[in-house]
Amino acid sequence: MEKYDLLPQQLMYEGLIESHQLFEPSGPISEQAILLTHDSEYWNKLKSLSLSRQEIRKTGFPLSQALVDRERIIMQGTIDCIPHAIRHGVSLNIAGGTHHAYTNRGEGFCLLNDLALGANHLLHHQQAKKVMIIDLDVHQGNGSAEIFGQENRVFTLSMHGEKNYPLHKEKSDLDIPVWDGIGDRDYLELLEKHLTPALDHFQPDFCFYQCGVDVLKSDKLGRLGLSLDACKTRDRIVFSALQEREIPVVCAMGGGYSEDIKIIIEAHANTFRLADELYS
Ligand SMILES: [Zn+2]
């Protein structure tokens with residue numbers, strides 16, 4: 001997708017980052033790492049390209065080897081962000097945020113769930129005891145909620161459009177549904193009201209942040225009414241709360257479907273600009 005090229009170009013053009021601060025994923029994620037999260041039957045069907053026609057239709061993509069390979073690289077990108085976040089407080093995947101992938105099926109342009117793979121990687125390698133997934137993409141993190149429905153070491157928080165996709169919502173540990181057209185002030189107030197108590201109650205030692213920018217008023221699919229400034233303030237609320245509590249965070253970009261690609265890039269770039277401002 002175009003934004004994955006344009007975003008790093010923009011960040012380098014404005015001098016926010018230098019090329020040595022960008023890294024490519026170390027390779028495709030291992031099968032062992034995939035199987036910490038996903039069902040082996042599903043993974044076998046995915047890798048042998050033998051999902052049923054209906055299962056393929058649900059993913060939204062025409063299934064191909066290139067697509068599976070690309071997804072595995074993106075997943076590893078989120079895993080590779082982890083040590084950088086531990087060292088610097090924050091690390092950002094230019095792609096990822098594939099929160100609609102379930103244990104045993106893909107959905108909504110997500111085949112594997114990078115947030116879940118990252119959380120299970122940390123737990124499995126005893127790099128964290130409690131992980132929180134903060135999902136502020138406009139669409140509910142239904143896959144993450146299902147994957148961790150029975151796992152009390154992972155807390156899933158999803159703030160999303162209540163009338164938006166997915167029609168059938170899963171139960172996250174904390175769901176914050178918002179109404180169509182919600183404006184800046186109401187949205188930000190709701191976020192602040194719920195985020196800090198959740199952090200103080202659960203006390204995670206690591207976070208994943210799905211910072212989709214489909215919450216913007218300009219978004220074709222979002223149905224909310226946020227300005228670019230409010231989207232940046234949203235990120236500031238999250239980063240500040242985590243920084244105050246010394247919780248490292250890996251960000252994955254998630255959705256963004258504004259008509260004008262410049263707005264999408266600007267909103268994602270704001271997350272990087274803010275990370276730079278707060279963490280360097
Ligand atoms: Zn979305």
# chains A, B, ... in the order shown; residues from 1 in each chain; ligands from 1
>>> residues_near_ligand(ligand="ligand 1", cutoff="7 Å", atoms="only C-alpha atoms and all ligand atoms", output="PyMOL selection string")
chain A and resi 137-139+212+214+254-256
>>> select_by_dssp(residues="stretch 102-203 of chain A", states="alpha helix (DSSP H)", output="compact mmCIF listing (two decimals) with N, CA and C atoms, in the first residue's frame")
# COMPACT_ATOMS: atom_id res chain seq x y z
N ASP A 114 -0.78 -9.31 14.65
CA ASP A 114 0.57 -8.94 15.14
C ASP A 114 0.57 -8.50 16.60
N LEU A 115 -0.52 -7.88 17.05
CA LEU A 115 -0.57 -7.42 18.44
C LEU A 115 -0.58 -8.63 19.37
N ALA A 116 -1.34 -9.64 19.00
CA ALA A 116 -1.43 -10.86 19.79
C ALA A 116 -0.12 -11.65 19.72
N LEU A 117 0.47 -11.71 18.53
CA LEU A 117 1.74 -12.42 18.37
C LEU A 117 2.81 -11.76 19.24
N GLY A 118 2.80 -10.43 19.28
CA GLY A 118 3.76 -9.70 20.10
C GLY A 118 3.54 -9.98 21.58
N ALA A 119 2.28 -9.93 22.01
CA ALA A 119 1.96 -10.16 23.42
C ALA A 119 2.36 -11.58 23.84
N ASN A 120 2.03 -12.56 22.99
CA ASN A 120 2.37 -13.94 23.34
C ASN A 120 3.88 -14.18 23.30
N HIS A 121 4.57 -13.49 22.41
CA HIS A 121 6.03 -13.57 22.36
C HIS A 121 6.62 -13.11 23.70
N LEU A 122 6.14 -11.98 24.20
CA LEU A 122 6.64 -11.44 25.47
C LEU A 122 6.36 -12.39 26.63
N LEU A 123 5.14 -12.92 26.67
CA LEU A 123 4.78 -13.82 27.77
C LEU A 123 5.59 -15.11 27.69
N HIS A 124 5.70 -15.65 26.48
CA HIS A 124 6.40 -16.92 26.29
C HIS A 124 7.87 -16.81 26.68
N ASN A 142 -11.66 -7.00 17.42
CA ASN A 142 -12.42 -8.23 17.71
C ASN A 142 -11.53 -9.47 17.78
N GLY A 143 -10.54 -9.54 16.88
CA GLY A 143 -9.64 -10.70 16.88
C GLY A 143 -8.83 -10.76 18.18
N SER A 144 -8.26 -9.63 18.58
CA SER A 144 -7.47 -9.60 19.82
C SER A 144 -8.34 -9.98 21.01
N ALA A 145 -9.58 -9.48 21.03
CA ALA A 145 -10.50 -9.78 22.14
C ALA A 145 -10.78 -11.28 22.21
N GLU A 146 -10.98 -11.89 21.05
CA GLU A 146 -11.26 -13.35 21.03
C GLU A 146 -10.02 -14.14 21.47
N ILE A 147 -8.87 -13.76 20.92
CA ILE A 147 -7.63 -14.52 21.21
C ILE A 147 -7.34 -14.52 22.71
N ASP A 184 -14.22 16.08 18.93
CA ASP A 184 -12.91 16.04 19.60
C ASP A 184 -13.03 15.95 21.11
N ARG A 185 -13.81 16.89 21.67
CA ARG A 185 -13.80 17.00 23.12
C ARG A 185 -14.39 15.75 23.80
N ASP A 186 -15.54 15.30 23.28
CA ASP A 186 -16.17 14.11 23.88
C ASP A 186 -15.27 12.89 23.78
N TYR A 187 -14.64 12.74 22.60
CA TYR A 187 -13.78 11.57 22.39
C TYR A 187 -12.60 11.58 23.37
N LEU A 188 -11.94 12.72 23.44
CA LEU A 188 -10.73 12.79 24.27
C LEU A 188 -11.08 12.65 25.76
N GLU A 189 -12.21 13.21 26.14
CA GLU A 189 -12.65 13.07 27.54
C GLU A 189 -12.91 11.61 27.90
N LEU A 190 -13.60 10.92 26.99
CA LEU A 190 -13.89 9.50 27.23
C LEU A 190 -12.62 8.67 27.34
N LEU A 191 -11.67 8.97 26.46
CA LEU A 191 -10.41 8.23 26.47
C LEU A 191 -9.69 8.43 27.80
N GLU A 192 -9.58 9.68 28.21
CA GLU A 192 -8.87 9.96 29.47
C GLU A 192 -9.57 9.31 30.65
N LYS A 193 -10.90 9.38 30.61
CA LYS A 193 -11.68 8.84 31.72
C LYS A 193 -11.44 7.33 31.90
N HIS A 194 -11.24 6.62 30.78
CA HIS A 194 -11.10 5.16 30.89
C HIS A 194 -9.67 4.65 30.91
N LEU A 195 -8.79 5.33 30.21
CA LEU A 195 -7.43 4.78 30.04
C LEU A 195 -6.65 4.73 31.35
N THR A 196 -6.59 5.85 32.06
CA THR A 196 -5.74 5.86 33.26
C THR A 196 -6.22 4.87 34.33
N PRO A 197 -7.52 4.80 34.62
CA PRO A 197 -7.94 3.79 35.61
C PRO A 197 -7.62 2.36 35.15
N ALA A 198 -7.75 2.10 33.85
CA ALA A 198 -7.44 0.75 33.36
C ALA A 198 -5.96 0.43 33.57
N LEU A 199 -5.10 1.39 33.28
CA LEU A 199 -3.66 1.18 33.47
C LEU A 199 -3.33 0.98 34.95
N ASP A 200 -3.94 1.79 35.79
CA ASP A 200 -3.65 1.70 37.22
C ASP A 200 -4.20 0.42 37.83
N HIS A 201 -5.29 -0.04 37.29
CA HIS A 201 -5.89 -1.27 37.80
C HIS A 201 -5.09 -2.50 37.35
N PHE A 202 -4.77 -2.57 36.05
CA PHE A 202 -4.13 -3.78 35.51
C PHE A 202 -2.62 -3.77 35.69
>>> select_by_dssp(residues="stretch 31-177 of chain A", states="strand (DSSP E or B)", output="list in words")
Val90, Ser91, Leu92, Asn93, Glu107, Cys110, Val131, Met132, Ile133, Ile134, Asp135, Val154, Phe155, Thr156, Leu157, Ser158, Met159, His160, Gly161, Leu174, Asp175, Ile176 and Pro177 of chain A
>>> write_last_selection(atoms="C-alpha atoms", output="compact mmCIF listing (two decimals), in the first residue's frame")
# COMPACT_ATOMS: atom_id res chain seq x y z
CA VAL A 90 8.72 3.41 22.23
CA SER A 91 9.09 1.74 18.84
CA LEU A 92 6.77 1.96 15.86
CA ASN A 93 5.86 -0.43 13.08
CA GLU A 107 -11.03 -11.26 8.63
CA CYS A 110 -5.98 -9.32 8.59
CA VAL A 131 0.53 -6.96 28.62
CA MET A 132 -2.10 -4.45 27.59
CA ILE A 133 -3.34 -3.92 24.06
CA ILE A 134 -4.68 -0.40 23.63
CA ASP A 135 -6.67 -0.37 20.43
CA VAL A 154 -3.37 -9.82 28.60
CA PHE A 155 -5.80 -6.93 28.93
CA THR A 156 -7.56 -5.81 25.76
CA LEU A 157 -8.91 -2.26 25.58
CA SER A 158 -10.81 -1.23 22.49
CA MET A 159 -12.34 2.20 21.85
CA HIS A 160 -14.31 2.02 18.62
CA GLY A 161 -17.33 3.15 16.65
CA LEU A 174 -12.68 -3.01 28.33
CA ASP A 175 -14.82 -1.83 25.43
CA ILE A 176 -15.45 1.87 24.99
CA PRO A 177 -18.01 2.18 22.21
>>> atom_distance(atom1="atom CA of A:His268", atom2="atom CA of A:Leu67")
23.4 Å
>>> atom_distance(atom1="atom CA of A:Ile182", atom2="atom CA of A:Ser258")
16.9 Å
>>> decode(residues="stretch 158-193 of chain A", atoms="N, CA and C atoms", output="PDB file, in the first residue's frame")
ATOM      1  N   SER A 158     -10.455  -1.658  23.841  1.00  0.00           N
ATOM      2  CA  SER A 158     -10.814  -1.226  22.490  1.00  0.00           C
ATOM      3  C   SER A 158     -11.808  -0.074  22.559  1.00  0.00           C
ATOM      4  N   MET A 159     -11.425   1.063  21.972  1.00  0.00           N
ATOM      5  CA  MET A 159     -12.344   2.198  21.849  1.00  0.00           C
ATOM      6  C   MET A 159     -12.666   2.310  20.363  1.00  0.00           C
ATOM      7  N   HIS A 160     -13.937   2.204  20.028  1.00  0.00           N
ATOM      8  CA  HIS A 160     -14.307   2.023  18.618  1.00  0.00           C
ATOM      9  C   HIS A 160     -15.713   2.537  18.334  1.00  0.00           C
ATOM     10  N   GLY A 161     -16.005   2.733  17.067  1.00  0.00           N
ATOM     11  CA  GLY A 161     -17.333   3.150  16.647  1.00  0.00           C
ATOM     12  C   GLY A 161     -18.333   2.034  16.909  1.00  0.00           C
ATOM     13  N   GLU A 162     -19.348   2.315  17.711  1.00  0.00           N
ATOM     14  CA  GLU A 162     -20.252   1.230  18.096  1.00  0.00           C
ATOM     15  C   GLU A 162     -21.104   0.734  16.931  1.00  0.00           C
ATOM     16  N   LYS A 163     -21.330   1.611  15.936  1.00  0.00           N
ATOM     17  CA  LYS A 163     -22.163   1.207  14.792  1.00  0.00           C
ATOM     18  C   LYS A 163     -21.314   0.706  13.621  1.00  0.00           C
ATOM     19  N   ASN A 164     -20.003   0.769  13.781  1.00  0.00           N
ATOM     20  CA  ASN A 164     -19.116   0.447  12.665  1.00  0.00           C
ATOM     21  C   ASN A 164     -18.783  -1.053  12.632  1.00  0.00           C
ATOM     22  N   TYR A 165     -18.114  -1.466  11.556  1.00  0.00           N
ATOM     23  CA  TYR A 165     -17.587  -2.823  11.420  1.00  0.00           C
ATOM     24  C   TYR A 165     -16.705  -3.145  12.624  1.00  0.00           C
ATOM     25  N   PRO A 166     -16.638  -4.310  13.153  1.00  0.00           N
ATOM     26  CA  PRO A 166     -17.433  -5.484  12.803  1.00  0.00           C
ATOM     27  C   PRO A 166     -18.830  -5.416  13.424  1.00  0.00           C
ATOM     28  N   LEU A 167     -19.774  -5.923  12.672  1.00  0.00           N
ATOM     29  CA  LEU A 167     -21.161  -5.905  13.116  1.00  0.00           C
ATOM     30  C   LEU A 167     -21.299  -6.659  14.446  1.00  0.00           C
ATOM     31  N   HIS A 168     -20.718  -7.872  14.463  1.00  0.00           N
ATOM     32  CA  HIS A 168     -20.713  -8.645  15.709  1.00  0.00           C
ATOM     33  C   HIS A 168     -19.419  -8.329  16.463  1.00  0.00           C
ATOM     34  N   LYS A 169     -19.539  -7.686  17.616  1.00  0.00           N
ATOM     35  CA  LYS A 169     -18.354  -7.331  18.402  1.00  0.00           C
ATOM     36  C   LYS A 169     -18.046  -8.455  19.393  1.00  0.00           C
ATOM     37  N   GLU A 170     -16.774  -8.656  19.631  1.00  0.00           N
ATOM     38  CA  GLU A 170     -16.354  -9.576  20.695  1.00  0.00           C
ATOM     39  C   GLU A 170     -16.282  -8.781  21.998  1.00  0.00           C
ATOM     40  N   LYS A 171     -16.095  -9.488  23.105  1.00  0.00           N
ATOM     41  CA  LYS A 171     -16.011  -8.787  24.377  1.00  0.00           C
ATOM     42  C   LYS A 171     -14.534  -8.599  24.752  1.00  0.00           C
ATOM     43  N   SER A 172     -14.077  -7.358  24.716  1.00  0.00           N
ATOM     44  CA  SER A 172     -12.720  -7.051  25.181  1.00  0.00           C
ATOM     45  C   SER A 172     -12.772  -6.950  26.704  1.00  0.00           C
ATOM     46  N   ASP A 173     -11.596  -6.867  27.343  1.00  0.00           N
ATOM     47  CA  ASP A 173     -11.613  -6.617  28.793  1.00  0.00           C
ATOM     48  C   ASP A 173     -12.244  -5.265  29.088  1.00  0.00           C
ATOM     49  N   LEU A 174     -11.992  -4.301  28.207  1.00  0.00           N
ATOM     50  CA  LEU A 174     -12.678  -3.013  28.329  1.00  0.00           C
ATOM     51  C   LEU A 174     -13.040  -2.508  26.933  1.00  0.00           C
ATOM     52  N   ASP A 175     -14.328  -2.410  26.685  1.00  0.00           N
ATOM     53  CA  ASP A 175     -14.817  -1.834  25.430  1.00  0.00           C
ATOM     54  C   ASP A 175     -15.339  -0.438  25.714  1.00  0.00           C
ATOM     55  N   ILE A 176     -14.935   0.502  24.870  1.00  0.00           N
ATOM     56  CA  ILE A 176     -15.446   1.869  24.988  1.00  0.00           C
ATOM     57  C   ILE A 176     -16.082   2.224  23.642  1.00  0.00           C
ATOM     58  N   PRO A 177     -17.358   1.890  23.484  1.00  0.00           N
ATOM     59  CA  PRO A 177     -18.007   2.185  22.209  1.00  0.00           C
ATOM     60  C   PRO A 177     -18.325   3.672  22.105  1.00  0.00           C
ATOM     61  N   VAL A 178     -18.110   4.253  20.933  1.00  0.00           N
ATOM     62  CA  VAL A 178     -18.449   5.668  20.750  1.00  0.00           C
ATOM     63  C   VAL A 178     -19.433   5.820  19.598  1.00  0.00           C
ATOM     64  N   TRP A 179     -20.185   6.915  19.630  1.00  0.00           N
ATOM     65  CA  TRP A 179     -21.260   7.122  18.676  1.00  0.00           C
ATOM     66  C   TRP A 179     -20.753   7.776  17.390  1.00  0.00           C
ATOM     67  N   ASP A 180     -21.503   7.596  16.319  1.00  0.00           N
ATOM     68  CA  ASP A 180     -21.177   8.222  15.032  1.00  0.00           C
ATOM     69  C   ASP A 180     -21.079   9.735  15.213  1.00  0.00           C
ATOM     70  N   GLY A 181     -20.090  10.326  14.584  1.00  0.00           N
ATOM     71  CA  GLY A 181     -19.973  11.781  14.580  1.00  0.00           C
ATOM     72  C   GLY A 181     -19.393  12.374  15.854  1.00  0.00           C
ATOM     73  N   ILE A 182     -18.965  11.546  16.791  1.00  0.00           N
ATOM     74  CA  ILE A 182     -18.417  12.071  18.059  1.00  0.00           C
ATOM     75  C   ILE A 182     -17.301  13.083  17.758  1.00  0.00           C
ATOM     76  N   GLY A 183     -17.329  14.188  18.495  1.00  0.00           N
ATOM     77  CA  GLY A 183     -16.361  15.261  18.251  1.00  0.00           C
ATOM     78  C   GLY A 183     -15.139  15.149  19.142  1.00  0.00           C
ATOM     79  N   ASP A 184     -14.219  16.081  18.932  1.00  0.00           N
ATOM     80  CA  ASP A 184     -12.913  16.042  19.598  1.00  0.00           C
ATOM     81  C   ASP A 184     -13.030  15.952  21.115  1.00  0.00           C
ATOM     82  N   ARG A 185     -13.813  16.890  21.669  1.00  0.00           N
ATOM     83  CA  ARG A 185     -13.797  16.998  23.122  1.00  0.00           C
ATOM     84  C   ARG A 185     -14.391  15.750  23.796  1.00  0.00           C
ATOM     85  N   ASP A 186     -15.538  15.297  23.284  1.00  0.00           N
ATOM     86  CA  ASP A 186     -16.168  14.115  23.883  1.00  0.00           C
ATOM     87  C   ASP A 186     -15.266  12.889  23.780  1.00  0.00           C
ATOM     88  N   TYR A 187     -14.642  12.740  22.601  1.00  0.00           N
ATOM     89  CA  TYR A 187     -13.779  11.571  22.390  1.00  0.00           C
ATOM     90  C   TYR A 187     -12.604  11.578  23.370  1.00  0.00           C
ATOM     91  N   LEU A 188     -11.943  12.716  23.441  1.00  0.00           N
ATOM     92  CA  LEU A 188     -10.735  12.789  24.274  1.00  0.00           C
ATOM     93  C   LEU A 188     -11.080  12.647  25.759  1.00  0.00           C
ATOM     94  N   GLU A 189     -12.211  13.205  26.139  1.00  0.00           N
ATOM     95  CA  GLU A 189     -12.648  13.070  27.544  1.00  0.00           C
ATOM     96  C   GLU A 189     -12.908  11.608  27.901  1.00  0.00           C
ATOM     97  N   LEU A 190     -13.600  10.920  26.992  1.00  0.00           N
ATOM     98  CA  LEU A 190     -13.895   9.503  27.230  1.00  0.00           C
ATOM     99  C   LEU A 190     -12.621   8.669  27.340  1.00  0.00           C
ATOM    100  N   LEU A 191     -11.673   8.966  26.459  1.00  0.00           N
ATOM    101  CA  LEU A 191     -10.411   8.225  26.469  1.00  0.00           C
ATOM    102  C   LEU A 191      -9.688   8.430  27.802  1.00  0.00           C
ATOM    103  N   GLU A 192      -9.579   9.682  28.205  1.00  0.00           N
ATOM    104  CA  GLU A 192      -8.867   9.963  29.467  1.00  0.00           C
ATOM    105  C   GLU A 192      -9.568   9.311  30.649  1.00  0.00           C
ATOM    106  N   LYS A 193     -10.898   9.379  30.612  1.00  0.00           N
ATOM    107  CA  LYS A 193     -11.676   8.842  31.720  1.00  0.00           C
ATOM    108  C   LYS A 193     -11.440   7.334  31.902  1.00  0.00           C
TER     109      LYS A 193
END
